[in-house]
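Participant: One structure, as structure tokens, below. Some questions next.
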Amino acid sequence: MSHDDRAGPDAGAASSTPAPLLEIDNVTLQYKTSEHLVTATRQVSFKVYPSDRYILLGPSGCGKSTLLKAIGGYMAPVHGSIRLKGQTVTQPGPDRMMVFQEFDQLLPWKTVRQNVEFALHASGRLKGQEAAERAAYYIEKVGLAGFIDSYPHTLSGGMKQRVSIARGMAMEPDVLLMDEPFAALDALTRRKMQDELLRLWDDTRFTVLFVTHSIEEAIRIGNRILLLSPHPGQVKAELNSVPAGEMGTASQAQLETRINDMLFAH
Ligand code: ADP
Ligand code: MG
């Protein structure tokens with residue numbers, strides 16, 4: 001890759017490619033149990049740029065969650081490297097917030113507001129009035145202003161996921177890591193949450209790395225899609241999704257067919 005050594009961080013911002021936010025370079029991830037060595041992903045490489053909606057798409061068991069765990073800093077690659085803003089990831093940090101599929105990510109004895117504030121307090125990000133204001137801001141953004149003092153058990157699955165998203169976003173991480181966050185929702189709610197996530201993105205242009213095994217969801221949510229082969233996950237292709245305006249048109253259908261063919265081709 002060519003590189004202009006004269007260009008400083010601010011030089012030629014309009015013409016040069018921005019630096020990648022996240023670089024996954026030749027990453028192999030393994031689990032060692034007492035009897036087995038399981039290779040979850042093999043030599044996976046990709047780059048995520050600021051404001052990307054980057055999708056990891058592949059069949060169950062191909063190592064998507066494992067990749068997110070490694071990017072989150074919860075496990076180390078046996079080969080290759082993971083860099084965030086040029087720094088090798090070695091441990092979890094508030095610069096990478098995770099949203100999972102399960103609805104029980106919230107502390108049941110804390111209200112919506114307290115759940116979001118707690119993350120800010122515990123990480124040392126913000127405290128007092130500042131934390132309260134930040135929490136309220138993001139709770140409003142996910143449409144839960146009317147439920148700010150409610151306890152999790154009084155909320156639907158979709159609402160709980162919104163709280164988890166608000167909590168992640170309130171930390172204003174460099175990248176939001178989402179592991180099939182809508183997979184356990186009913187079809188209608190899922191669709192609604194996808195649209196809401198896109199609206200939120202329109203508002204704040206956060207960077208998100210989103211895992212799914214749904215081709216439709218990948219095309220709807222993402223701007224870039226990394227296609228992983230079945231276990232152990234290897235990169236099959238990296239694709240551009242279709243622009244929002246082309247959802248429901250022939251180009252969406254064509255991309256779906258193309259991805260389908262690639263996933264099931266041997
Ligand atoms: P995905 O999220 O794409 O469904 P995972 O990352 O969960 O896939 O799993 C990838 C592979 O690693 C699978 O073969 C799975 O069985 C294995 N695996 C996941 N977690 C563990 C673990 N804690 N110990 C051993 N093997 C694991
Ligand atoms: Mg998974």
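Order determines the names: the first chain of the structure tokens is A, the second B, and so forth; residues in each chain are numbered 1 upward, and ligands are numbered 1 upward as they are shown.
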List every residue of chain A that has an atom at most 7 Å from any atom of ligand 2, giving for each one its closest atom pair and the distance in Å to one decimal, counting only C-alpha atoms and all ligand atoms, sorted by chain and then by ascending residue number, as CSV.
Facilitator:
```
residue,atom,partner,partner_atom_place_in_ligand_line,distance
A:Ser60,CA,ligand 2,1 (Mg),6.5
A:Gly61,CA,ligand 2,1 (Mg),6.8
A:Gly63,CA,ligand 2,1 (Mg),6.9
A:Lys64,CA,ligand 2,1 (Mg),5.5
A:Ser65,CA,ligand 2,1 (Mg),4.1
A:Asp179,CA,ligand 2,1 (Mg),6.7
```
Participant: Output C-alpha atoms for every residue in that selection, as a short mmCIF file (atom, residue, chain, number, x, y, z; two decimals), in the first residue's frame.
Facilitator:
```cif
data_model
loop_
_atom_site.label_atom_id
_atom_site.label_comp_id
_atom_site.auth_asym_id
_atom_site.auth_seq_id
_atom_site.Cartn_x
_atom_site.Cartn_y
_atom_site.Cartn_z
CA SER A 60 -23.68 -19.95 13.25
CA GLY A 61 -20.39 -21.23 14.66
CA GLY A 63 -16.54 -17.37 14.97
CA LYS A 64 -18.35 -14.03 14.82
CA SER A 65 -18.85 -13.76 18.59
CA ASP A 179 -23.51 -9.19 18.74
#
```
Participant: Collect all residues with atoms no farther than 7 Å from ligand 1, counting only C-alpha atoms and all ligand atoms, and output them as a ChimeraX atom specification.
Facilitator: /A:31-33,38-40,58-67,231-232
Participant: Could you check the closest approach to A:Lys47 for each of A:Ala145, A:Arg224, A:Gly248, A:Lys110 and tell me which residue wins, using only C-alpha atoms?
Facilitator: A:Arg224
Participant: Can you work out which one of A:Leu185, A:Ala132, A:Ala265, A:Ile139 has the shortest atom-to-atom distance to A:Ser156, counting only C-alpha atoms?
Facilitator: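 Closest residue, counting only C-alpha atoms: A:Leu185.
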Participant: What are the DSSP helix (DSSP H, G or I) residues of stretch 26-229 of chain A, as an NGL selection string?
Facilitator: :A and (64-72 or 112-122 or 128-141 or 145-147 or 152-154 or 157-170 or 187-204 or 215-221)
Participant: Could you jot down the atom CA of A:Glu140 to atom CA of A:Met159 separation for me, Å, one decimal place?
Facilitator: 12.2 Å
Participant: Excluding A:Leu56 and any residue of its chain fewer than 2 positions from it, enumerate the residues within 12 Å of it, using only C-alpha atoms, and give them as a ChimeraX atom specification.
Facilitator: /A:44-48,53-54,58-60,62-68,177-180,208-215,217-219,221-229,233-239
Participant: How many Å separate atom CA of A:Pro108 from atom CA of A:Pro152?
Facilitator: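 Distance reported for this atom pair: 5.7 Å.
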Participant: Which residues, written as a list in words, have at least one atom at most 8 Å from A:Val27, with only C-alpha atoms counted and residues fewer than 6 positions away on the same chain left out?
Facilitator: Thr41, Arg42, Gln43, Val44, Ser45, Pro77, Val78, His79, Gly80, Ser81 and Ile82 of chain A
Participant: Would you please work out which residue, of A:Ala119, A:Ile165, A:Ile259, A:Met193, is nearest to A:Glu216 when using only C-alpha atoms?
Facilitator: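 That would be A:Ile259, the residue with the smallest distance to A:Glu216.
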Participant: Taking the chain letters and numbering used in this document, name the residues of stretch 7-216 of chain A that DSSP puts in strand (DSSP E or B), as a ChimeraX atom specification.
Facilitator: /A:22-32,37-48,53-57,79-84,87-88,96-99,175-179,208-212
Participant: Restricting the calculation to only C-alpha atoms, which member of A:Asn260, A:Thr249, A:Gln194, A:Ser123 is positioned closest to A:Gly93?
Facilitator: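 Residue with the minimum atom-to-atom distance to A:Gly93: A:Ser123.
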Participant: Would you pick out the contacts of A:Pro50 at 12 Å or less, using only C-alpha atoms, so that residues sharing its chain but fewer than 4 positions from it are not included, and give the list as a list in words?
Facilitator: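 The residues satisfying every condition are Thr17, Pro18, Ala19, Pro20, Leu21, Leu22, Glu23, Tyr54, Leu84, Lys85, Pro173, Asp174, Val175, Leu176, Trp201, Thr204, Arg205, Phe206, Thr207, Val208, Leu209 and Asn223 of chain A.
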Participant: Can you measure atom CA of A:Leu29 to atom CA of A:Tyr74 for me? One decimal in Å is fine.
Facilitator: 11.6 Å
